[in-house]
file work_14.cif (mmCIF, C-alpha atoms)
data_upload
#
loop_
_atom_site.label_atom_id
_atom_site.label_comp_id
_atom_site.auth_asym_id
_atom_site.auth_seq_id
_atom_site.Cartn_x
_atom_site.Cartn_y
_atom_site.Cartn_z
CA MET P 1 64.22 13.91 -118.89
CA ALA P 2 64.21 13.42 -122.63
CA LYS P 3 60.89 12.55 -124.20
CA ILE P 4 60.69 8.96 -125.42
CA HIS P 5 58.33 7.81 -128.15
CA TRP P 6 56.20 4.83 -127.18
CA ILE P 7 56.46 3.02 -130.52
CA PHE P 8 59.22 2.47 -132.97
CA GLY P 9 59.00 0.81 -136.36
CA ALA P 10 61.58 0.10 -138.97
CA PHE P 11 63.03 -2.14 -141.57
CA ILE P 12 66.57 -2.61 -140.37
CA THR P 13 69.04 -1.02 -142.74
CA PRO P 14 71.78 -3.22 -144.20
CA LEU P 15 74.71 -3.75 -141.92
CA MET P 16 78.28 -4.62 -142.69
CA VAL P 17 78.94 -7.86 -140.85
CA SER P 18 82.32 -9.54 -140.82
CA ALA P 19 82.76 -13.03 -142.15
CA ALA P 20 83.92 -14.13 -138.70
CA ALA P 21 80.71 -12.84 -137.12
CA LEU P 22 78.68 -14.86 -139.62
CA ALA P 23 80.65 -18.06 -139.22
CA GLY P 24 78.52 -21.13 -138.64
CA THR P 25 75.39 -22.66 -140.07
CA TYR P 26 72.40 -20.44 -140.82
CA GLU P 27 69.09 -20.55 -142.58
CA ASP P 28 69.34 -17.66 -145.02
CA ILE P 29 66.23 -15.51 -145.53
CA ALA P 30 66.02 -13.41 -148.70
CA ARG P 31 64.35 -10.42 -147.01
CA PRO P 32 65.30 -8.00 -144.22
CA PHE P 33 64.26 -8.45 -140.62
CA SER P 34 61.04 -6.43 -140.13
CA TYR P 35 59.53 -5.37 -136.81
CA GLU P 36 57.69 -2.78 -134.75
CA LEU P 37 58.89 -2.08 -131.21
CA TYR P 38 56.47 -1.03 -128.45
CA THR P 39 57.62 0.35 -125.10
CA SER P 40 55.50 1.22 -122.05
CA ASP P 41 55.10 4.94 -121.41
CA VAL P 42 55.74 4.78 -117.66
CA PHE P 43 57.16 8.30 -117.56
CA PRO P 44 53.89 10.10 -116.64
CA TRP P 45 53.75 7.85 -113.59
CA ILE P 46 57.33 8.78 -112.74
CA ASP P 47 57.01 12.55 -113.10
CA GLY P 48 53.57 12.73 -111.46
CA THR P 49 51.59 13.68 -114.56
CA ARG P 50 49.52 10.53 -113.89
CA ARG P 51 48.71 9.49 -110.35
CA GLY P 52 46.12 7.71 -108.24
CA GLU P 53 44.43 4.33 -108.61
CA ILE P 54 45.17 2.17 -111.62
CA ASN P 55 42.01 1.86 -113.69
CA ASP P 56 40.96 -0.51 -116.44
CA SER P 57 41.99 1.74 -119.32
CA ALA P 58 43.50 0.66 -122.62
CA GLY P 59 46.76 2.50 -123.21
CA ARG P 60 48.74 3.07 -126.36
CA MET P 61 50.43 -0.34 -126.13
CA ALA P 62 46.95 -1.85 -125.93
CA ASP P 63 45.95 0.14 -129.00
CA GLY P 64 48.90 -1.34 -130.88
CA LEU P 65 47.93 -4.86 -129.83
CA LYS P 66 44.31 -4.27 -130.81
CA LYS P 67 45.42 -3.11 -134.25
CA PHE P 68 47.56 -6.23 -134.53
CA ILE P 69 44.66 -8.53 -133.57
CA ASP P 70 42.25 -6.80 -135.94
CA SER P 71 44.61 -7.54 -138.85
CA THR P 72 43.86 -11.28 -138.58
CA ASN P 73 42.55 -12.83 -141.78
CA LYS P 74 42.01 -16.52 -141.01
CA HIS P 75 43.69 -17.78 -137.84
CA ILE P 76 44.95 -16.34 -134.56
CA GLU P 77 46.90 -18.34 -131.97
CA ILE P 78 47.09 -16.80 -128.48
CA ALA P 79 49.53 -17.95 -125.78
CA VAL P 80 49.08 -15.65 -122.79
CA TYR P 81 49.39 -15.95 -119.03
CA GLY P 82 45.83 -14.67 -118.76
CA VAL P 83 43.52 -11.66 -119.05
CA GLN P 84 42.78 -9.13 -116.33
CA LYS P 85 40.58 -6.04 -116.58
CA GLN P 86 41.03 -5.57 -120.31
CA GLU P 87 37.54 -5.85 -121.81
CA TRP P 88 38.79 -4.35 -125.08
CA PHE P 89 40.84 -7.54 -125.60
CA LEU P 90 37.78 -9.77 -125.17
CA ASP P 91 35.79 -7.44 -127.41
CA SER P 92 38.47 -7.80 -130.11
CA LEU P 93 38.21 -11.58 -129.95
CA ARG P 94 34.42 -11.35 -130.00
CA TYR P 95 34.64 -9.22 -133.14
CA LEU P 96 36.87 -11.82 -134.82
CA LYS P 97 34.37 -14.58 -134.02
CA ARG P 98 31.53 -12.55 -135.55
CA ARG P 99 33.31 -11.89 -138.83
CA PRO P 100 31.66 -13.47 -141.87
CA ASN P 101 34.96 -14.92 -143.12
CA ASP P 102 35.14 -17.47 -140.27
CA VAL P 103 38.30 -16.56 -138.32
CA THR P 104 39.62 -19.38 -136.12
CA VAL P 105 40.56 -18.20 -132.62
CA GLU P 106 42.53 -20.54 -130.34
CA ALA P 107 44.29 -19.90 -127.03
CA VAL P 108 46.41 -21.46 -124.29
CA VAL P 109 46.48 -19.92 -120.82
CA ASP P 110 47.88 -20.56 -117.36
CA GLN P 111 45.68 -22.21 -114.71
CA ARG P 112 46.76 -21.91 -111.09
CA GLN P 113 44.51 -24.51 -109.44
CA GLY P 114 41.40 -26.63 -109.91
CA GLU P 115 40.42 -29.26 -112.44
CA VAL P 116 40.94 -28.89 -116.16
CA ASP P 117 37.80 -27.39 -117.77
CA ASP P 118 36.77 -25.87 -114.45
CA TRP P 119 36.47 -22.24 -115.50
CA ASP P 120 35.91 -20.81 -112.04
CA PRO P 121 37.65 -17.39 -112.05
CA GLU P 122 39.34 -18.26 -108.75
CA ASN P 123 41.36 -20.95 -110.54
CA PHE P 124 43.31 -18.28 -112.44
CA ASP P 125 45.71 -15.62 -111.21
CA TYR P 126 43.99 -13.33 -113.69
CA PRO P 127 40.29 -14.10 -113.04
CA ASP P 128 39.05 -12.60 -116.31
CA THR P 129 40.87 -15.43 -118.09
CA ALA P 130 37.80 -17.56 -117.42
CA LYS P 131 35.74 -15.27 -119.65
CA MET P 132 37.70 -16.49 -122.66
CA ALA P 133 36.13 -19.94 -122.38
CA GLY P 134 32.65 -18.46 -122.36
CA LEU P 135 33.45 -16.25 -125.30
CA LEU P 136 35.34 -18.71 -127.52
CA GLY P 137 34.09 -22.03 -126.18
CA SER P 138 36.08 -24.27 -123.86
CA GLU P 139 37.27 -26.35 -126.82
CA SER P 140 39.11 -23.27 -128.11
CA VAL P 141 40.87 -22.36 -124.85
CA LYS P 142 43.30 -24.83 -123.30
CA PRO P 143 44.89 -24.41 -119.85
CA ASP P 144 48.37 -25.78 -119.19
CA ILE P 145 48.14 -29.41 -118.10
CA ASP P 146 50.58 -31.98 -116.78
CA ARG P 147 51.29 -35.45 -118.16
CA ARG P 148 48.31 -36.89 -116.25
CA GLY P 149 45.88 -34.39 -117.74
CA ASN P 150 45.59 -32.28 -114.59
CA ALA P 151 46.11 -28.53 -114.28
CA ASN P 152 49.89 -28.05 -114.06
CA VAL P 153 50.53 -26.28 -110.75
CA ASN P 154 54.28 -26.97 -110.71
CA SER P 155 55.00 -24.60 -113.58
CA ILE P 156 53.29 -21.70 -115.29
CA MET P 157 52.36 -20.99 -118.89
CA HIS P 158 54.14 -17.64 -118.82
CA ASN P 159 54.27 -16.83 -122.56
CA LYS P 160 52.88 -13.58 -123.92
CA PHE P 161 52.81 -14.18 -127.66
CA ILE P 162 50.13 -14.07 -130.36
CA VAL P 163 50.56 -15.43 -133.90
CA ILE P 164 48.43 -14.24 -136.80
CA ASP P 165 47.99 -16.41 -139.90
CA ARG P 166 51.46 -17.91 -139.31
CA LYS P 167 52.82 -14.68 -140.83
CA LYS P 168 53.55 -12.33 -137.93
CA VAL P 169 53.86 -12.54 -134.16
CA TRP P 170 53.42 -10.24 -131.17
CA LEU P 171 55.80 -11.12 -128.32
CA GLY P 172 57.51 -9.65 -125.28
CA SER P 173 57.02 -9.16 -121.55
CA ALA P 174 53.59 -7.46 -121.43
CA ASN P 175 50.61 -9.32 -120.00
CA ILE P 176 47.02 -8.63 -121.08
CA SER P 177 46.37 -6.75 -117.86
CA HIS P 178 45.41 -3.28 -116.66
CA THR P 179 48.89 -2.74 -115.19
CA ASP P 180 50.78 -3.88 -118.31
CA VAL P 181 49.25 -3.15 -121.75
CA GLY P 182 46.40 -1.16 -120.18
CA SER P 183 47.65 1.67 -117.98
CA GLU P 184 51.31 0.98 -118.81
CA TYR P 185 52.02 1.26 -115.08
CA ASN P 186 54.61 -1.49 -115.41
CA ALA P 187 57.64 -1.10 -117.68
CA ASN P 188 57.38 -3.57 -120.55
CA ILE P 189 58.61 -4.11 -124.06
CA ALA P 190 56.76 -5.81 -126.89
CA MET P 191 57.61 -6.46 -130.52
CA VAL P 192 55.64 -7.28 -133.64
CA VAL P 193 57.83 -9.44 -135.87
CA LYS P 194 56.60 -9.40 -139.47
CA ASN P 195 58.72 -12.26 -140.82
CA PRO P 196 56.76 -15.47 -141.53
CA GLU P 197 59.86 -17.59 -140.85
CA ILE P 198 59.79 -16.50 -137.19
CA ALA P 199 55.99 -16.52 -136.93
CA ARG P 200 55.92 -20.17 -138.03
CA ILE P 201 58.38 -21.12 -135.27
CA TYR P 202 56.09 -19.55 -132.67
CA SER P 203 53.04 -21.15 -134.29
CA ASP P 204 54.64 -24.60 -134.04
CA GLU P 205 55.31 -24.00 -130.35
CA PHE P 206 51.69 -23.00 -129.86
CA ARG P 207 50.49 -26.17 -131.57
CA GLN P 208 52.55 -28.33 -129.22
CA MET P 209 50.60 -26.85 -126.33
CA PHE P 210 47.15 -26.41 -127.86
CA LYS P 211 46.80 -29.35 -130.22
CA HIS P 212 48.94 -31.96 -128.47
CA GLY P 213 48.55 -30.86 -124.84
CA ARG P 214 52.30 -30.69 -124.32
CA PHE P 215 53.40 -28.17 -121.71
CA SER P 216 56.55 -27.65 -119.65
CA SER P 217 58.84 -30.71 -119.61
CA SER P 218 56.44 -32.80 -121.75
CA LYS P 219 57.15 -30.72 -124.88
CA ASN P 220 59.24 -32.22 -127.66
CA PRO P 221 62.54 -30.55 -128.56
CA ARG P 222 62.71 -28.83 -131.91
CA THR P 223 64.68 -30.83 -134.47
CA GLU P 224 65.74 -27.79 -136.52
CA GLN P 225 67.20 -24.82 -134.67
CA LYS P 226 69.42 -23.04 -137.16
CA PRO P 227 69.80 -19.30 -136.54
CA LEU P 228 68.00 -17.24 -139.15
CA ARG P 229 70.22 -14.88 -141.15
CA PHE P 230 68.26 -12.14 -142.90
CA ALA P 231 69.27 -10.25 -146.03
CA ASP P 232 70.28 -7.16 -144.02
CA GLY P 233 72.74 -9.18 -141.89
CA THR P 234 70.47 -9.49 -138.86
CA ILE P 235 70.73 -12.87 -137.12
CA VAL P 236 67.76 -14.12 -135.09
CA GLU P 237 67.45 -17.10 -132.75
CA VAL P 238 64.32 -18.31 -130.96
CA PHE P 239 64.41 -20.29 -127.71
CA PHE P 240 61.53 -21.88 -125.79
CA SER P 241 61.51 -23.04 -122.19
CA PRO P 242 62.23 -25.58 -121.02
CA GLN P 243 63.07 -27.73 -124.05
CA ASP P 244 65.65 -25.38 -125.62
CA ASP P 245 67.73 -24.82 -122.44
CA PRO P 246 67.54 -21.02 -122.82
CA MET P 247 69.64 -20.21 -119.76
CA ASN P 248 72.73 -21.91 -121.16
CA ARG P 249 72.11 -21.51 -124.88
CA ALA P 250 70.63 -18.02 -124.99
CA ILE P 251 71.24 -15.95 -121.86
CA LEU P 252 74.72 -17.10 -120.86
CA GLU P 253 75.91 -17.00 -124.47
CA PHE P 254 74.47 -13.51 -124.85
CA ILE P 255 76.35 -12.30 -121.76
CA ARG P 256 79.61 -13.98 -122.80
CA ARG P 257 79.54 -12.35 -126.25
CA ALA P 258 79.42 -8.82 -124.80
CA LYS P 259 82.64 -6.88 -125.30
CA ARG P 260 81.91 -3.34 -124.09
CA SER P 261 78.47 -2.97 -122.50
CA LEU P 262 75.47 -4.84 -121.14
CA ASP P 263 72.29 -2.93 -120.29
CA ILE P 264 69.70 -5.13 -118.59
CA SER P 265 66.08 -4.46 -117.58
CA MET P 266 64.82 -7.30 -115.42
CA PHE P 267 61.92 -8.28 -113.18
CA PHE P 268 63.50 -11.29 -111.44
CA LEU P 269 67.18 -12.26 -111.53
CA THR P 270 67.77 -15.22 -109.22
CA ASP P 271 69.77 -17.63 -111.36
CA THR P 272 73.29 -18.16 -109.99
CA LYS P 273 74.79 -18.96 -113.40
CA ALA P 274 73.45 -15.74 -114.90
CA ALA P 275 74.73 -13.71 -111.96
CA THR P 276 78.17 -15.33 -112.18
CA ALA P 277 78.33 -14.62 -115.92
CA LEU P 278 77.59 -10.95 -115.24
CA LYS P 279 80.33 -10.84 -112.59
CA ASP P 280 82.75 -12.35 -115.11
CA ALA P 281 81.68 -9.77 -117.69
CA VAL P 282 82.59 -6.97 -115.28
CA LYS P 283 85.98 -8.64 -114.69
CA ARG P 284 86.78 -8.62 -118.41
CA GLY P 285 85.98 -4.92 -118.65
CA VAL P 286 82.33 -4.88 -119.75
CA LYS P 287 80.25 -2.02 -118.33
CA VAL P 288 77.16 -3.69 -116.86
CA ARG P 289 74.05 -1.73 -115.85
CA LEU P 290 70.92 -3.29 -114.36
CA ILE P 291 67.48 -1.75 -113.79
CA TYR P 292 65.71 -4.01 -111.32
CA ASP P 293 62.25 -4.39 -109.81
CA ALA P 294 61.57 -3.37 -106.21
CA LEU P 295 59.38 -6.39 -105.42
CA ALA P 296 61.99 -8.77 -106.83
CA GLY P 297 64.62 -6.92 -104.82
CA SER P 298 62.93 -8.00 -101.59
CA HIS P 299 63.13 -11.70 -102.54
CA ALA P 300 65.68 -13.70 -100.56
CA ALA P 301 67.08 -15.30 -103.73
CA SER P 302 67.57 -12.03 -105.61
CA LYS P 303 71.12 -11.54 -106.92
CA HIS P 304 70.96 -7.76 -107.39
CA SER P 305 72.71 -6.82 -104.12
CA TRP P 306 75.45 -9.37 -104.75
CA LEU P 307 75.86 -8.07 -108.29
CA ARG P 308 76.18 -4.53 -106.98
CA ASP P 309 79.04 -5.74 -104.77
CA GLN P 310 80.67 -7.29 -107.87
CA GLY P 311 80.76 -3.97 -109.73
CA VAL P 312 77.44 -4.04 -111.58
CA ASP P 313 75.74 -0.62 -111.53
CA VAL P 314 72.27 -1.38 -110.15
CA ARG P 315 69.27 0.93 -109.92
CA VAL P 316 66.01 -0.33 -108.41
CA GLU P 317 62.80 1.18 -109.77
CA ASN P 318 60.72 3.40 -107.50
CA TRP P 319 57.80 4.46 -109.72
CA GLY P 320 55.14 2.25 -108.07
CA GLY P 321 54.63 -0.13 -110.98
CA LYS P 322 56.95 -2.99 -111.80
CA MET P 323 60.11 -3.21 -113.86
CA HIS P 324 58.48 -6.10 -115.70
CA MET P 325 60.83 -6.34 -118.68
CA LYS P 326 63.07 -9.32 -119.39
CA ALA P 327 65.42 -7.62 -121.82
CA ALA P 328 69.08 -6.91 -122.44
CA ILE P 329 71.22 -4.94 -124.91
CA SER P 330 74.80 -5.94 -125.68
CA ASP P 331 77.28 -3.49 -127.21
CA GLY P 332 74.38 -1.44 -128.54
CA THR P 333 73.69 -3.86 -131.41
CA ASP P 334 72.52 -7.21 -129.97
CA VAL P 335 69.26 -7.53 -128.03
CA LEU P 336 67.47 -10.19 -126.03
CA LEU P 337 63.79 -10.03 -125.07
CA GLY P 338 60.82 -12.21 -124.29
CA SER P 339 58.86 -13.57 -121.34
CA LEU P 340 61.70 -15.31 -119.47
CA ASN P 341 62.92 -13.96 -116.14
CA TRP P 342 66.50 -14.95 -115.40
CA SER P 343 65.55 -17.70 -112.97
CA SER P 344 65.94 -21.47 -112.89
CA ALA P 345 62.16 -21.99 -112.80
CA GLY P 346 61.72 -19.81 -115.87
CA SER P 347 64.37 -21.69 -117.78
CA MET P 348 63.74 -25.26 -116.58
CA LYS P 349 60.00 -25.50 -115.78
CA ASN P 350 57.81 -22.76 -117.22
CA ASP P 351 56.53 -22.35 -120.76
CA GLU P 352 58.47 -19.27 -121.93
CA ASN P 353 60.03 -17.75 -125.03
CA THR P 354 63.25 -15.81 -125.64
CA LEU P 355 64.24 -13.97 -128.81
CA VAL P 356 67.89 -13.07 -129.51
CA ILE P 357 68.54 -10.57 -132.30
CA ARG P 358 72.12 -9.82 -133.31
CA HIS P 359 73.86 -7.24 -135.52
CA SER P 360 71.04 -4.69 -135.48
CA GLN P 361 72.23 -1.16 -134.81
CA VAL P 362 68.75 0.27 -135.39
CA LEU P 363 66.91 -2.01 -132.95
CA GLY P 364 69.77 -1.86 -130.46
CA GLY P 365 69.69 1.93 -130.63
CA GLU P 366 65.93 2.09 -130.09
CA MET P 367 66.07 -0.19 -127.08
CA LEU P 368 69.07 1.65 -125.66
CA THR P 369 67.21 4.97 -125.97
CA TYR P 370 64.37 3.55 -123.88
CA PHE P 371 66.74 1.99 -121.35
CA THR P 372 68.64 5.26 -120.96
CA SER P 373 65.44 7.22 -120.34
CA LEU P 374 64.47 4.79 -117.57
CA TRP P 375 68.00 4.82 -116.19
CA ASP P 376 68.11 8.61 -116.07
CA ALA P 377 64.69 8.73 -114.41
CA LEU P 378 66.18 6.71 -111.55
CA ALA P 379 69.23 8.94 -111.20
CA PRO P 380 69.78 10.16 -107.60
CA ALA P 381 68.62 13.73 -107.05
CA ASP P 382 71.85 14.61 -105.24
CA GLY P 383 74.07 13.41 -108.07
CA GLY P 384 75.51 10.67 -105.86
CA GLY P 385 75.70 6.93 -106.31
CA SER P 386 72.76 4.80 -107.30
CA ASP P 387 72.24 3.60 -103.73
CA ARG P 388 72.01 7.13 -102.28
CA ARG P 389 68.73 8.11 -103.90
CA ALA P 390 67.08 11.01 -102.09
CA GLY P 391 64.08 10.37 -99.86
CA ARG P 392 64.95 6.94 -98.49
CA ASN P 393 67.32 5.07 -96.25
CA PRO P 394 70.56 4.91 -98.28
CA LEU P 395 71.16 1.36 -97.01
CA ARG P 396 67.89 0.03 -98.41
CA ASP P 397 66.48 -0.18 -101.92
CA PRO P 398 62.99 1.26 -102.53
CA ARG P 399 60.15 -0.94 -101.34
CA ALA P 400 57.51 -2.09 -103.81
CA GLU P 401 54.90 -0.41 -101.61
CA GLY P 402 56.27 2.46 -99.53
CA ILE P 403 56.52 6.22 -99.32
CA GLU P 404 59.75 6.15 -101.34
CA SER P 405 58.03 4.45 -104.31
CA ILE P 406 56.10 7.00 -106.37
CA ASN P 407 52.32 6.44 -106.37
CA SER P 408 52.60 3.00 -104.75
CA CYS P 409 50.62 4.22 -101.73
CA HIS P 410 47.80 5.56 -103.92
CA ASP P 411 47.41 3.02 -106.74
CA GLY P 412 44.89 0.61 -105.19
CA ILE P 413 47.27 -2.32 -105.72
CA ASP P 414 48.93 -4.65 -103.22
CA ASN P 415 52.35 -4.07 -104.74
CA ASP P 416 54.30 -6.17 -102.23
CA HIS P 417 51.68 -8.96 -101.92
CA ASP P 418 51.48 -8.70 -98.12
CA GLY P 419 47.68 -8.47 -97.96
CA SER P 420 47.64 -4.71 -97.26
CA ILE P 421 46.96 -1.95 -99.75
CA ASP P 422 47.99 1.69 -99.75
CA ALA P 423 47.24 3.41 -96.41
CA ASP P 424 46.81 0.03 -94.69
CA ASP P 425 50.37 -0.98 -95.64
CA ASP P 426 53.05 -0.25 -93.06
CA GLY P 427 55.34 0.96 -95.83
CA CYS P 428 52.95 3.80 -96.59
CA SER P 429 53.10 5.18 -93.06
CA ILE P 430 55.31 8.24 -92.65
CA ARG P 431 58.07 7.28 -90.21
#

call {"tool": "encode", "arguments": {"input": "work_14.cif", "output": "structure tokens"}}
result
Amino acid sequence: MAKIHWIFGAFITPLMVSAAALAGTYEDIARPFSYELYTSDVFPWIDGTRRGEINDSAGRMADGLKKFIDSTNKHIEIAVYGVQKQEWFLDSLRYLKRRPNDVTVEAVVDQRQGEVDDWDPENFDYPDTAKMAGLLGSESVKPDIDRRGNANVNSIMHNKFIVIDRKKVWLGSANISHTDVGSEYNANIAMVVKNPEIARIYSDEFRQMFKHGRFSSSKNPRTEQKPLRFADGTIVEVFFSPQDDPMNRAILEFIRRAKRSLDISMFFLTDTKAATALKDAVKRGVKVRLIYDALAGSHAASKHSWLRDQGVDVRVENWGGKMHMKAAISDGTDVLLGSLNWSSAGSMKNDENTLVIRHSQVLGGEMLTYFTSLWDALAPADGGGSDRRAGRNPLRDPRAEGIESINSCHDGIDNDHDGSIDADDDGCSIR
């Protein structure tokens, strides 16, 4: 397997873009699109270099995020699902609070149950989230609430973005957890966008939630949503759930624009419209590949088996951790990433974000390199089809916790959420 670097960084080089491709109304930005791309180094887990229980380490993606946080000058806005077993993250926020130049630290998080301002760790899917209130003060950490001021249990605040000084933003699929940015056990992608025009859009979304207490369907729609056209020809669009209708306006449009190829890395794909659009893409001659998560594959509403029957080439991960990305590459030049799974709840209920970047051969190439390395790592040992992978029943995809999923029976995690871990799980019994 080819070695893949965990971080990429570049100013996108100028691209020749046809007048037809640029037709429409844009907000022109007199600078190139600037970013750093971070990808999880799951490959040591796949090849056995790393094995055993998942600890509370801070991996290289975490190091990149720490460096990003430490660059704050005046104000940091944090919209994350929560915090789990990543003390370095809390230490970074503690360091910001102790600085003599008075850095303002504000955050919104997801709360699963309980009353607002009840910071019992059991009220959060990630119990360490409660520590943020003690560290920053409860006035600086706001859980998602409904229109009556109660904890919103009908949707989740599923964003994973951080804005610094309204100048740059960290975004993507990685949670502040030991399995995501920590050990990099789960496959994730994250991006630092260094353009203030995009950072301000994310900052405004944060303020809706933090300052005005607007979450989920109570958020106001944005009045100005022109695509941003940068000096190098890159076009960027930002979509938030649920107010921007990202399923129809971002995902379906992204799929419909594809002419030759679609390479998708996805945790959950349950939306019927998205699945139908992928089927239609295959019919018009687009080569569609999907890397899918084993836990999601066991869900009754998952569309991956149906898509396989429609001609989509599907490979289900078997490395123990999750395929946690929500990303796609079209024709090698257009990319989509963010926190949004391709589900109706993600698009219509949850607080999410989706970034679409078009006409970028450099970024598309970087993401395609990572996708291809993951794809090749899942190639069947016998050279056969993707559903004949060696070491398992050819009629069944790998289980999230089972002997056919590398390290899943030794990681100390209830991968399939059935209440049993490792040796106590039936899937880890040799049969």

call {"tool": "resolve_selection", "arguments": {"input": "work_14.cif", "expression": "the PyMOL selection byres ((chain P and resi 427) around 8)", "output": "PyMOL selection string"}}
result
chain P and resi 399+401-403+425-426+428-430

call {"tool": "resolve_selection", "arguments": {"input": "work_14.cif", "expression": "the PyMOL selection byres ((chain P and resi 176) around 7)", "output": "list in words"}}
result
Gly82, Val83, Gln84, Gln86, Ala174, Asn175, Ser177, Asp180 and Val181 of chain P

call {"tool": "residues_around", "arguments": {"input": "work_14.cif", "residues": "region 318-321 of chain P", "least_positions_apart": "4", "cutoff": "8 Å", "atoms": "all atoms listed in the file", "output": "ChimeraX atom specification"}}
result
/P:45-46,179,185-187,294,378,398-401,404-408,411,415

call {"tool": "closest_atom_pairs", "arguments": {"input": "work_14.cif", "of": "region 169-258 of chain P", "to": "region 347-366 of chain P", "cutoff": "7 Å", "atoms": "only C-alpha atoms", "output": "JSON lines"}}
result
{"residue": "P:Phe215", "atom": "CA", "partner": "P:Asp351", "partner_atom": "CA", "distance": 6.7}
{"residue": "P:Ser216", "atom": "CA", "partner": "P:Asp351", "partner_atom": "CA", "distance": 5.4}
{"residue": "P:Ser217", "atom": "CA", "partner": "P:Lys349", "partner_atom": "CA", "distance": 6.6}
{"residue": "P:Gly233", "atom": "CA", "partner": "P:His359", "partner_atom": "CA", "distance": 6.8}
{"residue": "P:Thr234", "atom": "CA", "partner": "P:His359", "partner_atom": "CA", "distance": 5.3}
{"residue": "P:Ile235", "atom": "CA", "partner": "P:Arg358", "partner_atom": "CA", "distance": 5.1}
{"residue": "P:Val236", "atom": "CA", "partner": "P:Ile357", "partner_atom": "CA", "distance": 4.6}
{"residue": "P:Glu237", "atom": "CA", "partner": "P:Val356", "partner_atom": "CA", "distance": 5.2}
{"residue": "P:Val238", "atom": "CA", "partner": "P:Leu355", "partner_atom": "CA", "distance": 4.8}
{"residue": "P:Phe239", "atom": "CA", "partner": "P:Thr354", "partner_atom": "CA", "distance": 5.1}
{"residue": "P:Phe240", "atom": "CA", "partner": "P:Asn353", "partner_atom": "CA", "distance": 4.5}
{"residue": "P:Ser241", "atom": "CA", "partner": "P:Glu352", "partner_atom": "CA", "distance": 4.8}
{"residue": "P:Pro242", "atom": "CA", "partner": "P:Met348", "partner_atom": "CA", "distance": 4.7}
{"residue": "P:Asp245", "atom": "CA", "partner": "P:Ser347", "partner_atom": "CA", "distance": 6.5}
{"residue": "P:Pro246", "atom": "CA", "partner": "P:Ser347", "partner_atom": "CA", "distance": 6.0}
{"residue": "P:Met247", "atom": "CA", "partner": "P:Ser347", "partner_atom": "CA", "distance": 5.8}

call {"tool": "write_last_selection", "arguments": {"input": "work_14.cif", "atoms": "C-alpha atoms", "output": "tab-separated table (two decimals), keeping the file's coordinate frame"}}
result
chain	number	residue	atom	x	y	z
P	215	PHE	CA	53.40	-28.17	-121.71
P	216	SER	CA	56.55	-27.65	-119.65
P	217	SER	CA	58.84	-30.71	-119.61
P	233	GLY	CA	72.74	-9.18	-141.89
P	234	THR	CA	70.47	-9.49	-138.86
P	235	ILE	CA	70.73	-12.87	-137.12
P	236	VAL	CA	67.76	-14.12	-135.09
P	237	GLU	CA	67.45	-17.10	-132.75
P	238	VAL	CA	64.32	-18.31	-130.96
P	239	PHE	CA	64.41	-20.29	-127.71
P	240	PHE	CA	61.53	-21.88	-125.79
P	241	SER	CA	61.51	-23.04	-122.19
P	242	PRO	CA	62.23	-25.58	-121.02
P	245	ASP	CA	67.73	-24.82	-122.44
P	246	PRO	CA	67.54	-21.02	-122.82
P	247	MET	CA	69.64	-20.21	-119.76

call {"tool": "resolve_selection", "arguments": {"input": "work_14.cif", "expression": "the PyMOL selection byres ((chain P and resi 282) around 12)", "output": "PyMOL selection string"}}
result
chain P and resi 255-256+258-262+275-281+283-289+307-313

call {"tool": "axis_aligned_box", "arguments": {"input": "work_14.cif", "around": "region 178-191 of chain P", "padding_each_side": "6 Å", "output": "AutoDock Vina command-line options"}}
result
--center_x 52.0 --center_y -2.4 --center_z -122.8 --size_x 25.2 --size_y 20.1 --size_z 27.4

call {"tool": "residues_near_point", "arguments": {"input": "work_14.cif", "point": "(57.6, -13.3, -124.0)", "cutoff": "10 Å", "atoms": "all atoms listed in the file", "output": "ChimeraX atom specification"}}
result
/P:79-81,158-162,170-175,189-191,240,325-327,337-341,351-355

call {"tool": "residues_near_point", "arguments": {"input": "work_14.cif", "point": "(44.0, -14.9, -138.4)", "cutoff": "7 Å", "atoms": "all atoms listed in the file", "output": "VMD selection string"}}
result
chain P and resid 72 to 76 103 to 104 164 to 165

call {"tool": "write_last_selection", "arguments": {"input": "work_14.cif", "atoms": "C-alpha atoms", "output": "PDB file, in the coordinates of the input"}}
result
ATOM      1  CA  THR P  72      43.860 -11.280-138.580  1.00  0.00           C
ATOM      2  CA  ASN P  73      42.550 -12.830-141.780  1.00  0.00           C
ATOM      3  CA  LYS P  74      42.010 -16.520-141.010  1.00  0.00           C
ATOM      4  CA  HIS P  75      43.690 -17.780-137.840  1.00  0.00           C
ATOM      5  CA  ILE P  76      44.950 -16.340-134.560  1.00  0.00           C
ATOM      6  CA  VAL P 103      38.300 -16.560-138.320  1.00  0.00           C
ATOM      7  CA  THR P 104      39.620 -19.380-136.120  1.00  0.00           C
ATOM      8  CA  ILE P 164      48.430 -14.240-136.800  1.00  0.00           C
ATOM      9  CA  ASP P 165      47.990 -16.410-139.900  1.00  0.00           C
TER      10      ASP P 165
END

call {"tool": "closest_residue", "arguments": {"input": "work_14.cif", "among": "P:Tyr38, P:Tyr292, P:Phe206, P:Phe33", "to": "Asp263 (chain P)", "atoms": "only C-alpha atoms"}}
result
P:Tyr292

call {"tool": "atom_distance", "arguments": {"input": "work_14.cif", "atom1": "CA of Lys131 (chain P)", "atom2": "CA of Tyr202 (chain P)"}}
result
24.5 Å

call {"tool": "atom_distance", "arguments": {"input": "work_14.cif", "atom1": "CA of Trp306 (chain P)", "atom2": "CA of Ser265 (chain P)"}}
result
16.6 Å
